[in-house]
$ cat start.pdb   # PDB, C-alpha atoms, pLDDT in the B column
ATOM      1  CA  LEU A   1     -21.337 -83.734 -68.980  1.00 52.00           C
ATOM      2  CA  VAL A   2     -18.801 -86.264 -70.268  1.00 63.00           C
ATOM      3  CA  LEU A   3     -19.598 -88.207 -73.422  1.00 67.00           C
ATOM      4  CA  VAL A   4     -18.871 -91.918 -73.216  1.00 80.00           C
ATOM      5  CA  VAL A   5     -18.797 -92.201 -77.010  1.00 90.00           C
ATOM      6  CA  THR A   6     -17.285 -89.568 -79.298  1.00 92.00           C
ATOM      7  CA  ALA A   7     -18.807 -88.675 -82.663  1.00 93.00           C
ATOM      8  CA  GLU A   8     -16.107 -90.668 -84.435  1.00 95.00           C
ATOM      9  CA  GLU A   9     -16.684 -93.720 -82.236  1.00 96.00           C
ATOM     10  CA  TYR A  10     -20.425 -93.426 -82.804  1.00 95.00           C
ATOM     11  CA  GLU A  11     -19.945 -93.579 -86.582  1.00 96.00           C
ATOM     12  CA  ALA A  12     -17.572 -96.541 -86.235  1.00 96.00           C
ATOM     13  CA  ALA A  13     -20.478 -98.673 -85.014  1.00 95.00           C
ATOM     14  CA  HIS A  14     -23.504 -96.857 -86.410  1.00 95.00           C
ATOM     15  CA  TYR A  15     -22.726 -97.001 -90.138  1.00 97.00           C
ATOM     16  CA  TYR A  16     -22.536-100.507 -91.587  1.00 97.00           C
ATOM     17  CA  PRO A  17     -19.590 -99.951 -93.984  1.00 97.00           C
ATOM     18  CA  ASN A  18     -17.432 -98.920 -91.025  1.00 97.00           C
ATOM     19  CA  SER A  19     -17.959-102.215 -89.218  1.00 96.00           C
ATOM     20  CA  TYR A  20     -18.066-104.564 -92.218  1.00 97.00           C
ATOM     21  CA  GLN A  21     -14.352-105.391 -92.364  1.00 97.00           C
ATOM     22  CA  HIS A  22     -14.308-106.235 -88.654  1.00 97.00           C
ATOM     23  CA  LEU A  23     -17.212-108.647 -89.143  1.00 98.00           C
ATOM     24  CA  LEU A  24     -15.619-110.137 -92.251  1.00 97.00           C
ATOM     25  CA  ASN A  25     -12.297-110.702 -90.466  1.00 97.00           C
ATOM     26  CA  ALA A  26     -14.181-112.591 -87.745  1.00 97.00           C
ATOM     27  CA  GLY A  27     -16.068-114.738 -90.269  1.00 97.00           C
ATOM     28  CA  LEU A  28     -19.404-113.333 -89.174  1.00 98.00           C
ATOM     29  CA  THR A  29     -20.835-111.895 -92.370  1.00 97.00           C
ATOM     30  CA  PRO A  30     -21.633-112.914 -95.923  1.00 97.00           C
ATOM     31  CA  PRO A  31     -20.297-110.575 -98.633  1.00 98.00           C
ATOM     32  CA  ALA A  32     -21.596-107.025 -98.892  1.00 98.00           C
ATOM     33  CA  LEU A  33     -20.988-103.958-101.024  1.00 98.00           C
ATOM     34  CA  TRP A  34     -22.260-100.413-100.748  1.00 98.00           C
ATOM     35  CA  GLN A  35     -22.690 -97.264-102.774  1.00 98.00           C
ATOM     36  CA  PRO A  36     -22.595 -93.760-101.257  1.00 98.00           C
ATOM     37  CA  VAL A  37     -25.541 -91.565-102.244  1.00 98.00           C
ATOM     38  CA  PRO A  38     -24.627 -87.944-101.473  1.00 96.00           C
ATOM     39  CA  GLU A  39     -27.700 -86.538-103.259  1.00 96.00           C
ATOM     40  CA  PRO A  40     -30.689 -88.842-102.588  1.00 97.00           C
ATOM     41  CA  ALA A  41     -33.146 -86.559-104.409  1.00 95.00           C
ATOM     42  CA  THR A  42     -31.310 -86.966-107.717  1.00 96.00           C
ATOM     43  CA  VAL A  43     -30.065 -90.565-107.473  1.00 97.00           C
ATOM     44  CA  THR A  44     -30.192 -92.596-110.708  1.00 97.00           C
ATOM     45  CA  GLU A  45     -29.808 -96.243-111.665  1.00 98.00           C
ATOM     46  CA  GLU A  46     -26.392 -95.479-113.146  1.00 97.00           C
ATOM     47  CA  CYS A  47     -25.133 -94.823-109.618  1.00 97.00           C
ATOM     48  CA  PHE A  48     -25.509 -98.533-108.845  1.00 98.00           C
ATOM     49  CA  GLN A  49     -24.347-100.069-112.114  1.00 98.00           C
ATOM     50  CA  GLU A  50     -20.750-100.613-110.995  1.00 97.00           C
ATOM     51  CA  VAL A  51     -21.681-102.271-107.705  1.00 98.00           C
ATOM     52  CA  PHE A  52     -24.195-104.466-109.561  1.00 98.00           C
ATOM     53  CA  GLU A  53     -21.485-105.606-111.983  1.00 98.00           C
ATOM     54  CA  LYS A  54     -19.120-106.377-109.106  1.00 98.00           C
ATOM     55  CA  ILE A  55     -21.733-108.612-107.478  1.00 98.00           C
ATOM     56  CA  CYS A  56     -22.235-110.487-110.751  1.00 97.00           C
ATOM     57  CA  SER A  57     -18.511-110.972-111.392  1.00 97.00           C
ATOM     58  CA  GLU A  58     -17.009-111.358-107.905  1.00 97.00           C
ATOM     59  CA  TRP A  59     -19.501-113.000-105.561  1.00 97.00           C
ATOM     60  CA  PRO A  60     -19.928-116.791-105.326  1.00 96.00           C
ATOM     61  CA  ALA A  61     -22.742-118.039-107.544  1.00 95.00           C
ATOM     62  CA  ARG A  62     -24.784-119.274-104.568  1.00 95.00           C
ATOM     63  CA  TYR A  63     -25.641-115.683-103.648  1.00 97.00           C
ATOM     64  CA  THR A  64     -28.522-114.978-106.011  1.00 97.00           C
ATOM     65  CA  SER A  65     -30.312-112.331-103.942  1.00 98.00           C
ATOM     66  CA  VAL A  66     -29.380-109.359-101.788  1.00 98.00           C
ATOM     67  CA  LEU A  67     -30.871-107.537 -98.831  1.00 97.00           C
ATOM     68  CA  LEU A  68     -31.021-103.785 -99.419  1.00 98.00           C
ATOM     69  CA  LYS A  69     -30.669-101.241 -96.619  1.00 97.00           C
ATOM     70  CA  ASP A  70     -29.129 -97.842 -96.120  1.00 98.00           C
ATOM     71  CA  TYR A  71     -26.003 -97.409 -94.008  1.00 98.00           C
ATOM     72  CA  VAL A  72     -28.108 -97.763 -90.835  1.00 96.00           C
ATOM     73  CA  LYS A  73     -31.559 -99.256 -91.438  1.00 92.00           C
ATOM     74  CA  SER A  74     -33.558-101.409 -93.813  1.00 91.00           C
ATOM     75  CA  ALA A  75     -37.035-100.451 -95.000  1.00 89.00           C
ATOM     76  CA  LYS A  76     -38.701-103.533 -93.478  1.00 86.00           C
ATOM     77  CA  ALA A  77     -40.880-101.375 -91.224  1.00 82.00           C
ATOM     78  CA  THR A  78     -42.759-100.155 -94.296  1.00 82.00           C
ATOM     79  CA  SER A  79     -42.079-102.831 -96.922  1.00 85.00           C
ATOM     80  CA  GLN A  80     -40.667-106.358 -97.211  1.00 92.00           C
ATOM     81  CA  ARG A  81     -39.772-105.986-100.889  1.00 95.00           C
ATOM     82  CA  PHE A  82     -36.185-104.983-100.173  1.00 97.00           C
ATOM     83  CA  GLN A  83     -35.448-107.920 -97.861  1.00 96.00           C
ATOM     84  CA  GLN A  84     -34.698-110.378-100.683  1.00 97.00           C
ATOM     85  CA  VAL A  85     -34.028-108.759-104.043  1.00 98.00           C
ATOM     86  CA  PRO A  86     -32.905-110.935-106.985  1.00 98.00           C
ATOM     87  CA  VAL A  87     -29.529-110.116-108.497  1.00 98.00           C
ATOM     88  CA  ASN A  88     -30.629-109.224-112.019  1.00 97.00           C
ATOM     89  CA  SER A  89     -30.812-106.221-114.332  1.00 97.00           C
ATOM     90  CA  GLU A  90     -33.542-104.638-112.181  1.00 97.00           C
ATOM     91  CA  LEU A  91     -31.315-104.401-109.104  1.00 98.00           C
ATOM     92  CA  PRO A  92     -30.089-100.817-109.781  1.00 98.00           C
ATOM     93  CA  GLU A  93     -33.709 -99.706-110.079  1.00 98.00           C
ATOM     94  CA  MET A  94     -34.557-101.381-106.780  1.00 98.00           C
ATOM     95  CA  CYS A  95     -31.675 -99.527-105.124  1.00 98.00           C
ATOM     96  CA  CYS A  96     -33.214 -96.241-106.266  1.00 98.00           C
ATOM     97  CA  GLU A  97     -36.575 -97.334-104.933  1.00 97.00           C
ATOM     98  CA  LEU A  98     -35.021 -98.093-101.542  1.00 97.00           C
ATOM     99  CA  VAL A  99     -33.653 -94.551-101.387  1.00 97.00           C
ATOM    100  CA  ALA A 100     -37.146 -93.218-102.122  1.00 96.00           C
ATOM    101  CA  ALA A 101     -38.767 -95.572 -99.594  1.00 95.00           C
ATOM    102  CA  ARG A 102     -36.467 -94.422 -96.802  1.00 95.00           C
ATOM    103  CA  GLY A 103     -37.198 -90.792 -97.666  1.00 94.00           C
ATOM    104  CA  VAL A 104     -35.987 -88.256 -95.099  1.00 95.00           C
ATOM    105  CA  ARG A 105     -34.723 -91.138 -92.937  1.00 95.00           C
ATOM    106  CA  PHE A 106     -32.254 -92.265 -95.611  1.00 96.00           C
ATOM    107  CA  ASN A 107     -28.694 -92.544 -94.251  1.00 96.00           C
ATOM    108  CA  ARG A 108     -25.707 -91.847 -96.493  1.00 96.00           C
ATOM    109  CA  GLY A 109     -25.788 -94.735 -98.979  1.00 98.00           C
ATOM    110  CA  VAL A 110     -27.148 -98.118-100.030  1.00 98.00           C
ATOM    111  CA  VAL A 111     -25.770-101.399 -98.682  1.00 98.00           C
ATOM    112  CA  LEU A 112     -26.226-104.589-100.709  1.00 98.00           C
ATOM    113  CA  LYS A 113     -25.768-107.626 -98.449  1.00 98.00           C
ATOM    114  CA  ALA A 114     -25.808-111.169 -99.770  1.00 98.00           C
ATOM    115  CA  TRP A 115     -29.120-112.667 -98.694  1.00 98.00           C
ATOM    116  CA  VAL A 116     -28.981-115.886 -96.679  1.00 97.00           C
ATOM    117  CA  GLN A 117     -31.875-117.906 -95.287  1.00 97.00           C
ATOM    118  CA  LEU A 118     -32.154-117.553 -91.535  1.00 97.00           C
ATOM    119  CA  ALA A 119     -33.035-120.605 -89.459  1.00 97.00           C
ATOM    120  CA  LEU A 120     -36.677-120.751 -88.406  1.00 96.00           C
ATOM    121  CA  TYR A 121     -38.145-122.294 -85.267  1.00 95.00           C
ATOM    122  CA  PRO A 122     -41.803-122.962 -84.375  1.00 91.00           C
ATOM    123  CA  ASN A 123     -43.260-120.431 -81.989  1.00 85.00           C
ATOM    124  CA  ARG A 124     -46.828-119.502 -81.013  1.00 79.00           C
ATOM    125  CA  GLY A 125     -48.394-121.250 -83.963  1.00 78.00           C
ATOM    126  CA  GLY A 126     -45.911-119.800 -86.468  1.00 89.00           C
ATOM    127  CA  PHE A 127     -42.187-119.579 -87.027  1.00 93.00           C
ATOM    128  CA  THR A 128     -39.538-117.154 -85.854  1.00 95.00           C
ATOM    129  CA  THR A 129     -35.847-116.559 -86.412  1.00 96.00           C
ATOM    130  CA  ASN A 130     -33.153-117.210 -83.798  1.00 98.00           C
ATOM    131  CA  GLU A 131     -31.572-113.831 -83.144  1.00 97.00           C
ATOM    132  CA  TRP A 132     -29.580-112.663 -80.121  1.00 98.00           C
ATOM    133  CA  ARG A 133     -28.541-109.156 -79.096  1.00 97.00           C
ATOM    134  CA  LEU A 134     -25.145-108.786 -77.464  1.00 98.00           C
ATOM    135  CA  PHE A 135     -23.996-105.623 -75.707  1.00 97.00           C
ATOM    136  CA  PHE A 136     -20.285-104.913 -75.320  1.00 96.00           C
ATOM    137  CA  GLY A 137     -18.599-102.382 -73.046  1.00 94.00           C
ATOM    138  CA  ARG A 138     -14.951-101.568 -73.650  1.00 92.00           C
ATOM    139  CA  GLY A 139     -14.393-104.900 -75.355  1.00 94.00           C
ATOM    140  CA  SER A 140     -16.138-107.024 -72.706  1.00 95.00           C
ATOM    141  CA  LEU A 141     -19.421-108.873 -73.191  1.00 97.00           C
ATOM    142  CA  LEU A 142     -22.031-107.285 -70.930  1.00 96.00           C
ATOM    143  CA  SER A 143     -25.126-109.254 -71.922  1.00 96.00           C
ATOM    144  CA  MET A 144     -26.516-111.701 -74.475  1.00 96.00           C
ATOM    145  CA  GLU A 145     -30.298-111.922 -74.770  1.00 96.00           C
ATOM    146  CA  ALA A 146     -32.780-113.595 -77.137  1.00 95.00           C
ATOM    147  CA  ASN A 147     -33.993-110.917 -79.545  1.00 96.00           C
ATOM    148  CA  SER A 148     -36.648-112.470 -81.800  1.00 95.00           C
ATOM    149  CA  TYR A 149     -39.225-113.855 -79.330  1.00 93.00           C
ATOM    150  CA  GLN A 150     -37.935-117.369 -79.933  1.00 94.00           C
ATOM    151  CA  ASP A 151     -38.687-120.260 -77.589  1.00 89.00           C
ATOM    152  CA  ALA A 152     -35.581-120.854 -75.489  1.00 81.00           C
ATOM    153  CA  ASP A 153     -36.499-124.549 -75.218  1.00 84.00           C
ATOM    154  CA  THR A 154     -36.109-125.110 -78.965  1.00 89.00           C
ATOM    155  CA  ALA A 155     -33.876-122.309 -80.300  1.00 94.00           C
ATOM    156  CA  PRO A 156     -30.293-122.618 -79.004  1.00 95.00           C
ATOM    157  CA  PRO A 157     -28.068-119.673 -78.038  1.00 97.00           C
ATOM    158  CA  PRO A 158     -24.989-118.883 -80.138  1.00 98.00           C
ATOM    159  CA  PRO A 159     -22.179-121.429 -79.626  1.00 97.00           C
ATOM    160  CA  GLU A 160     -19.198-120.373 -77.553  1.00 98.00           C
ATOM    161  CA  GLU A 161     -16.925-120.141 -80.585  1.00 98.00           C
ATOM    162  CA  VAL A 162     -19.347-117.768 -82.292  1.00 98.00           C
ATOM    163  CA  VAL A 163     -19.507-115.600 -79.179  1.00 98.00           C
ATOM    164  CA  ALA A 164     -15.695-115.647 -79.123  1.00 98.00           C
ATOM    165  CA  ARG A 165     -15.652-114.311 -82.681  1.00 98.00           C
ATOM    166  CA  ALA A 166     -18.088-111.576 -81.656  1.00 98.00           C
ATOM    167  CA  GLU A 167     -15.706-110.690 -78.829  1.00 98.00           C
ATOM    168  CA  GLN A 168     -12.935-110.482 -81.414  1.00 97.00           C
ATOM    169  CA  VAL A 169     -15.016-107.846 -83.193  1.00 97.00           C
ATOM    170  CA  ALA A 170     -15.552-106.016 -79.901  1.00 97.00           C
ATOM    171  CA  HIS A 171     -11.806-105.616 -79.490  1.00 96.00           C
ATOM    172  CA  SER A 172     -11.354-104.199 -82.987  1.00 97.00           C
ATOM    173  CA  VAL A 173     -14.289-101.789 -83.375  1.00 96.00           C
ATOM    174  CA  SER A 174     -13.440 -98.269 -82.226  1.00 94.00           C
ATOM    175  CA  ASN A 175     -16.510 -97.824 -80.060  1.00 96.00           C
ATOM    176  CA  PRO A 176     -16.591 -98.466 -76.298  1.00 94.00           C
ATOM    177  CA  TYR A 177     -20.289 -99.358 -76.068  1.00 95.00           C
ATOM    178  CA  PHE A 178     -22.218-101.071 -78.845  1.00 96.00           C
ATOM    179  CA  SER A 179     -24.653-103.847 -79.670  1.00 97.00           C
ATOM    180  CA  LEU A 180     -24.092-106.743 -82.059  1.00 98.00           C
ATOM    181  CA  ASP A 181     -26.943-108.887 -83.347  1.00 98.00           C
ATOM    182  CA  LEU A 182     -26.239-112.541 -84.113  1.00 98.00           C
ATOM    183  CA  ALA A 183     -28.569-114.792 -86.098  1.00 98.00           C
ATOM    184  CA  GLU A 184     -28.540-118.490 -86.912  1.00 98.00           C
ATOM    185  CA  THR A 185     -28.773-119.348 -90.624  1.00 98.00           C
ATOM    186  CA  GLU A 186     -29.837-122.558 -92.343  1.00 97.00           C
ATOM    187  CA  GLU A 187     -26.610-123.205 -94.243  1.00 93.00           C
ATOM    188  CA  GLU A 188     -23.934-120.707 -93.188  1.00 93.00           C
ATOM    189  CA  GLY A 189     -23.801-121.093 -89.431  1.00 96.00           C
ATOM    190  CA  TRP A 190     -24.182-117.905 -87.419  1.00 98.00           C
ATOM    191  CA  ILE A 191     -23.822-114.417 -88.837  1.00 98.00           C
ATOM    192  CA  ALA A 192     -23.863-110.886 -87.466  1.00 98.00           C
ATOM    193  CA  LEU A 193     -26.857-108.985 -88.780  1.00 96.00           C
ATOM    194  CA  GLU A 194     -25.551-105.603 -87.736  1.00 94.00           C
ATOM    195  CA  ILE A 195     -23.663-103.543 -85.184  1.00 96.00           C
ATOM    196  CA  GLY A 196     -25.216-100.500 -83.537  1.00 95.00           C
ATOM    197  CA  ASP A 197     -24.015 -97.824 -81.174  1.00 95.00           C
ATOM    198  CA  GLY A 198     -25.142 -98.806 -77.689  1.00 93.00           C
ATOM    199  CA  GLY A 199     -26.717 -95.450 -77.010  1.00 91.00           C
ATOM    200  CA  VAL A 200     -29.307 -95.899 -79.757  1.00 93.00           C
ATOM    201  CA  SER A 201     -29.726 -99.685 -79.609  1.00 93.00           C
ATOM    202  CA  GLY A 202     -32.912-100.833 -77.956  1.00 92.00           C
ATOM    203  CA  PRO A 203     -32.864-103.640 -75.372  1.00 92.00           C
ATOM    204  CA  ALA A 204     -33.799-107.198 -76.246  1.00 93.00           C
ATOM    205  CA  PRO A 205     -37.367-108.203 -75.317  1.00 93.00           C
ATOM    206  CA  GLY A 206     -37.598-108.511 -71.542  1.00 90.00           C
ATOM    207  CA  GLN A 207     -33.996-107.491 -70.957  1.00 92.00           C
ATOM    208  CA  ASP A 208     -33.164-106.315 -67.437  1.00 92.00           C
ATOM    209  CA  LEU A 209     -32.013-102.738 -68.037  1.00 90.00           C
ATOM    210  CA  ASN A 210     -31.064-102.198 -64.414  1.00 90.00           C
ATOM    211  CA  LYS A 211     -28.597-105.042 -64.633  1.00 91.00           C
ATOM    212  CA  LEU A 212     -27.178-103.693 -67.896  1.00 89.00           C
ATOM    213  CA  SER A 213     -26.798-100.236 -66.361  1.00 86.00           C
ATOM    214  CA  GLN A 214     -24.983-101.686 -63.347  1.00 86.00           C
ATOM    215  CA  GLN A 215     -22.551-103.476 -65.657  1.00 84.00           C
ATOM    216  CA  LEU A 216     -21.833-100.195 -67.422  1.00 79.00           C
ATOM    217  CA  SER A 217     -21.064 -98.302 -64.219  1.00 74.00           C
TER
END
$ encode --input "start.pdb" --output "structure tokens"
Amino acid sequence: LVLVVTAEEYEAAHYYPNSYQHLLNAGLTPPALWQPVPEPATVTEECFQEVFEKICSEWPARYTSVLLKDYVKSAKATSQRFQQVPVNSELPEMCCELVAARGVRFNRGVVLKAWVQLALYPNRGGFTTNEWRLFFGRGSLLSMEANSYQDADTAPPPPEEVVARAEQVAHSVSNPYFSLDLAETEEEGWIALEIGDGGVSGPAPGQDLNKLSQQLS
């Protein structure tokens, strides 16, 4: 058995802080900060005071809310309350509550990402975001598929220059097989929501896995 991805390469894509600088260099992410939490069971608000003060003093004033997640996942599967958290004196407390909400699934630390409004398109009587999942293999784009059940007739794919910036990331991240999720925003163009190791990244809805497998071989 030969591993395609080493443990070090896995972490390079799996944990958000490891990929952040690559995304920032490519102009694909709003600002973000993070705080390691080595002992989740005893975490306190004081752990997040410094990062809270940095947000208040260093980030542009237009970023008035943050999205909270751990180094891998958000808590949106169980609660939406951490998806847009105001930057105020209660933020350190909310960080502690995220740790508790993630429970045994909590990964390493808390990431505070500047919240931006994603573009919304009508779909099936409601609205949906315009997200696309890209898979890269050894720096080359393998696939790009709609990933939020959007209507392809109204929601456009990422522009070529945005895809080119994603390919720039692919050449700098030390992982030979990973996914990168792009999303259209209302005011800040396209951003990368996250990077994930390809071995644990699910396919986009309706994606042809046979075709993806053939491209990997």
$ residues_around --input "start.pdb" --residues "A:His22" --least-positions-apart "5" --cutoff "12 Å" --atoms "all atoms listed in the file" --output "number ranges by chain"
A: 12-13, 16-17, 27-29, 165-174, 180, 192, 194-195
$ write_last_selection --input "start.pdb" --atoms "C-alpha atoms" --output "PDB file, keeping the file's coordinate frame"
ATOM      1  CA  ALA A  12     -17.572 -96.541 -86.235  1.00 96.00           C
ATOM      2  CA  ALA A  13     -20.478 -98.673 -85.014  1.00 95.00           C
ATOM      3  CA  TYR A  16     -22.536-100.507 -91.587  1.00 97.00           C
ATOM      4  CA  PRO A  17     -19.590 -99.951 -93.984  1.00 97.00           C
ATOM      5  CA  GLY A  27     -16.068-114.738 -90.269  1.00 97.00           C
ATOM      6  CA  LEU A  28     -19.404-113.333 -89.174  1.00 98.00           C
ATOM      7  CA  THR A  29     -20.835-111.895 -92.370  1.00 97.00           C
ATOM      8  CA  ARG A 165     -15.652-114.311 -82.681  1.00 98.00           C
ATOM      9  CA  ALA A 166     -18.088-111.576 -81.656  1.00 98.00           C
ATOM     10  CA  GLU A 167     -15.706-110.690 -78.829  1.00 98.00           C
ATOM     11  CA  GLN A 168     -12.935-110.482 -81.414  1.00 97.00           C
ATOM     12  CA  VAL A 169     -15.016-107.846 -83.193  1.00 97.00           C
ATOM     13  CA  ALA A 170     -15.552-106.016 -79.901  1.00 97.00           C
ATOM     14  CA  HIS A 171     -11.806-105.616 -79.490  1.00 96.00           C
ATOM     15  CA  SER A 172     -11.354-104.199 -82.987  1.00 97.00           C
ATOM     16  CA  VAL A 173     -14.289-101.789 -83.375  1.00 96.00           C
ATOM     17  CA  SER A 174     -13.440 -98.269 -82.226  1.00 94.00           C
ATOM     18  CA  LEU A 180     -24.092-106.743 -82.059  1.00 98.00           C
ATOM     19  CA  ALA A 192     -23.863-110.886 -87.466  1.00 98.00           C
ATOM     20  CA  GLU A 194     -25.551-105.603 -87.736  1.00 94.00           C
ATOM     21  CA  ILE A 195     -23.663-103.543 -85.184  1.00 96.00           C
TER      22      ILE A 195
END
$ closest_residue --input "start.pdb" --among "A:Asp153, A:Glu53, A:Glu97, A:Glu145" --to "A:Pro122" --atoms "only C-alpha atoms"
A:Asp153
$ atom_distance --input "start.pdb" --atom1 "atom CA of A:Ala32" --atom2 "atom CA of A:Pro157"
25.2 Å
$ closest_residue --input "start.pdb" --among "A:Gly139, A:Pro92, A:Pro40, A:Gly189" --to "A:Phe106" --atoms "all atoms listed in the file"
A:Pro40
$ resolve_selection --input "start.pdb" --expression "the PyMOL selection byres ((chain A and resi 184-188) around 12)" --output "PyMOL selection string"
chain A and resi 27-30+62-63+114-121+128-132+146-148+150+155-159+162+181-183+189-193
$ atom_distance --input "start.pdb" --atom1 "atom CA of A:Ser74" --atom2 "atom CA of A:Ala164"
27.2 Å
$ atom_distance --input "start.pdb" --atom1 "atom CA of A:Asn107" --atom2 "atom CA of A:Lys73"
7.8 Å
$ residues_around --input "start.pdb" --residues "A:Glu39" --least-positions-apart "4" --cutoff "12 Å" --atoms "all atoms listed in the file" --output "VMD selection string"
chain A and resid 35 43 to 44 47 96 99 to 100 103 to 104 106 to 109
$ residues_around --input "start.pdb" --residues "A:Val85" --least-positions-apart "6" --cutoff "10 Å" --atoms "all atoms listed in the file" --output "PyMOL selection string"
chain A and resi 64-68+91+94-95+112+114-115
$ closest_residue --input "start.pdb" --among "A:Ala7, A:Ile55, A:Val37, A:Ala101" --to "A:Asn88" --atoms "all atoms listed in the file"
A:Ile55
$ resolve_selection --input "start.pdb" --expression "the PyMOL selection byres ((chain A and resi 111) around 6)" --output "NGL selection string"
:A and (33-34 or 68-70 or 110 or 112)
$ write_last_selection --input "start.pdb" --atoms "C-alpha atoms" --output "short mmCIF file (atom, residue, chain, number, x, y, z; two decimals), in the frame of the given file"
data_model
loop_
_atom_site.label_atom_id
_atom_site.label_comp_id
_atom_site.auth_asym_id
_atom_site.auth_seq_id
_atom_site.Cartn_x
_atom_site.Cartn_y
_atom_site.Cartn_z
CA LEU A 33 -20.99 -103.96 -101.02
CA TRP A 34 -22.26 -100.41 -100.75
CA LEU A 68 -31.02 -103.78 -99.42
CA LYS A 69 -30.67 -101.24 -96.62
CA ASP A 70 -29.13 -97.84 -96.12
CA VAL A 110 -27.15 -98.12 -100.03
CA LEU A 112 -26.23 -104.59 -100.71
#
$ closest_residue --input "start.pdb" --among "A:Ser57, A:Thr154, A:Gln84, A:Asn175" --to "A:Ser19" --atoms "all atoms listed in the file"
A:Asn175
$ closest_residue --input "start.pdb" --among "A:Ser89, A:Ser201, A:Ser140, A:Ser217" --to "A:Glu46" --atoms "only C-alpha atoms"
A:Ser89
$ closest_residue --input "start.pdb" --among "A:Phe82, A:Tyr177, A:Tyr149, A:Tyr71" --to "A:His14" --atoms "all atoms listed in the file"
A:Tyr71
$ resolve_selection --input "start.pdb" --expression "the PyMOL selection byres ((chain A and resi 215) around 10)" --output "PDB file with C-alpha atoms, in the coordinates of the input"
ATOM      1  CA  GLY A 137     -18.599-102.382 -73.046  1.00 94.00           C
ATOM      2  CA  LEU A 141     -19.421-108.873 -73.191  1.00 97.00           C
ATOM      3  CA  LEU A 142     -22.031-107.285 -70.930  1.00 96.00           C
ATOM      4  CA  SER A 143     -25.126-109.254 -71.922  1.00 96.00           C
ATOM      5  CA  LEU A 209     -32.013-102.738 -68.037  1.00 90.00           C
ATOM      6  CA  ASN A 210     -31.064-102.198 -64.414  1.00 90.00           C
ATOM      7  CA  LYS A 211     -28.597-105.042 -64.633  1.00 91.00           C
ATOM      8  CA  LEU A 212     -27.178-103.693 -67.896  1.00 89.00           C
ATOM      9  CA  SER A 213     -26.798-100.236 -66.361  1.00 86.00           C
ATOM     10  CA  GLN A 214     -24.983-101.686 -63.347  1.00 86.00           C
ATOM     11  CA  LEU A 216     -21.833-100.195 -67.422  1.00 79.00           C
ATOM     12  CA  SER A 217     -21.064 -98.302 -64.219  1.00 74.00           C
TER      13      SER A 217
END
$ build_atoms --input "start.pdb" --residues "stretch 143-147 of chain A" --atoms "all heavy atoms" --output "PDB file, in the coordinates of the input"
ATOM      1  N   SER A 143     -23.890-108.477 -71.947  1.00 96.00           N
ATOM      2  CA  SER A 143     -25.126-109.254 -71.922  1.00 96.00           C
ATOM      3  C   SER A 143     -25.336-109.930 -73.271  1.00 96.00           C
ATOM      4  O   SER A 143     -24.807-109.494 -74.296  1.00 96.00           O
ATOM      5  CB  SER A 143     -26.335-108.366 -71.595  1.00 96.00           C
ATOM      6  OG  SER A 143     -26.567-107.435 -72.646  1.00 96.00           O
ATOM      7  N   MET A 144     -26.119-110.999 -73.256  1.00 96.00           N
ATOM      8  CA  MET A 144     -26.516-111.701 -74.475  1.00 96.00           C
ATOM      9  C   MET A 144     -27.936-112.199 -74.260  1.00 96.00           C
ATOM     10  O   MET A 144     -28.160-113.074 -73.427  1.00 96.00           O
ATOM     11  CB  MET A 144     -25.559-112.856 -74.787  1.00 96.00           C
ATOM     12  CG  MET A 144     -25.896-113.581 -76.096  1.00 96.00           C
ATOM     13  SD  MET A 144     -24.669-114.842 -76.532  1.00 96.00           S
ATOM     14  CE  MET A 144     -24.999-116.078 -75.272  1.00 96.00           C
ATOM     15  N   GLU A 145     -28.888-111.637 -74.992  1.00 96.00           N
ATOM     16  CA  GLU A 145     -30.298-111.922 -74.770  1.00 96.00           C
ATOM     17  C   GLU A 145     -30.992-112.302 -76.072  1.00 96.00           C
ATOM     18  O   GLU A 145     -30.675-111.773 -77.146  1.00 96.00           O
ATOM     19  CB  GLU A 145     -31.004-110.695 -74.178  1.00 96.00           C
ATOM     20  CG  GLU A 145     -30.390-110.149 -72.900  1.00 96.00           C
ATOM     21  CD  GLU A 145     -30.673-111.019 -71.695  1.00 96.00           C
ATOM     22  OE1 GLU A 145     -31.605-111.850 -71.783  1.00 96.00           O
ATOM     23  OE2 GLU A 145     -29.989-110.857 -70.662  1.00 96.00           O
ATOM     24  N   ALA A 146     -31.955-113.238 -75.976  1.00 95.00           N
ATOM     25  CA  ALA A 146     -32.780-113.595 -77.137  1.00 95.00           C
ATOM     26  C   ALA A 146     -33.493-112.351 -77.646  1.00 95.00           C
ATOM     27  O   ALA A 146     -34.025-111.564 -76.862  1.00 95.00           O
ATOM     28  CB  ALA A 146     -33.786-114.674 -76.748  1.00 95.00           C
ATOM     29  N   ASN A 147     -33.518-112.185 -78.988  1.00 96.00           N
ATOM     30  CA  ASN A 147     -33.993-110.917 -79.545  1.00 96.00           C
ATOM     31  C   ASN A 147     -35.053-111.079 -80.632  1.00 96.00           C
ATOM     32  O   ASN A 147     -35.348-110.128 -81.348  1.00 96.00           O
ATOM     33  CB  ASN A 147     -32.803-110.128 -80.108  1.00 96.00           C
ATOM     34  CG  ASN A 147     -33.099-108.661 -80.302  1.00 96.00           C
ATOM     35  OD1 ASN A 147     -33.750-108.039 -79.467  1.00 96.00           O
ATOM     36  ND2 ASN A 147     -32.627-108.100 -81.403  1.00 96.00           N
TER      37      ASN A 147
END
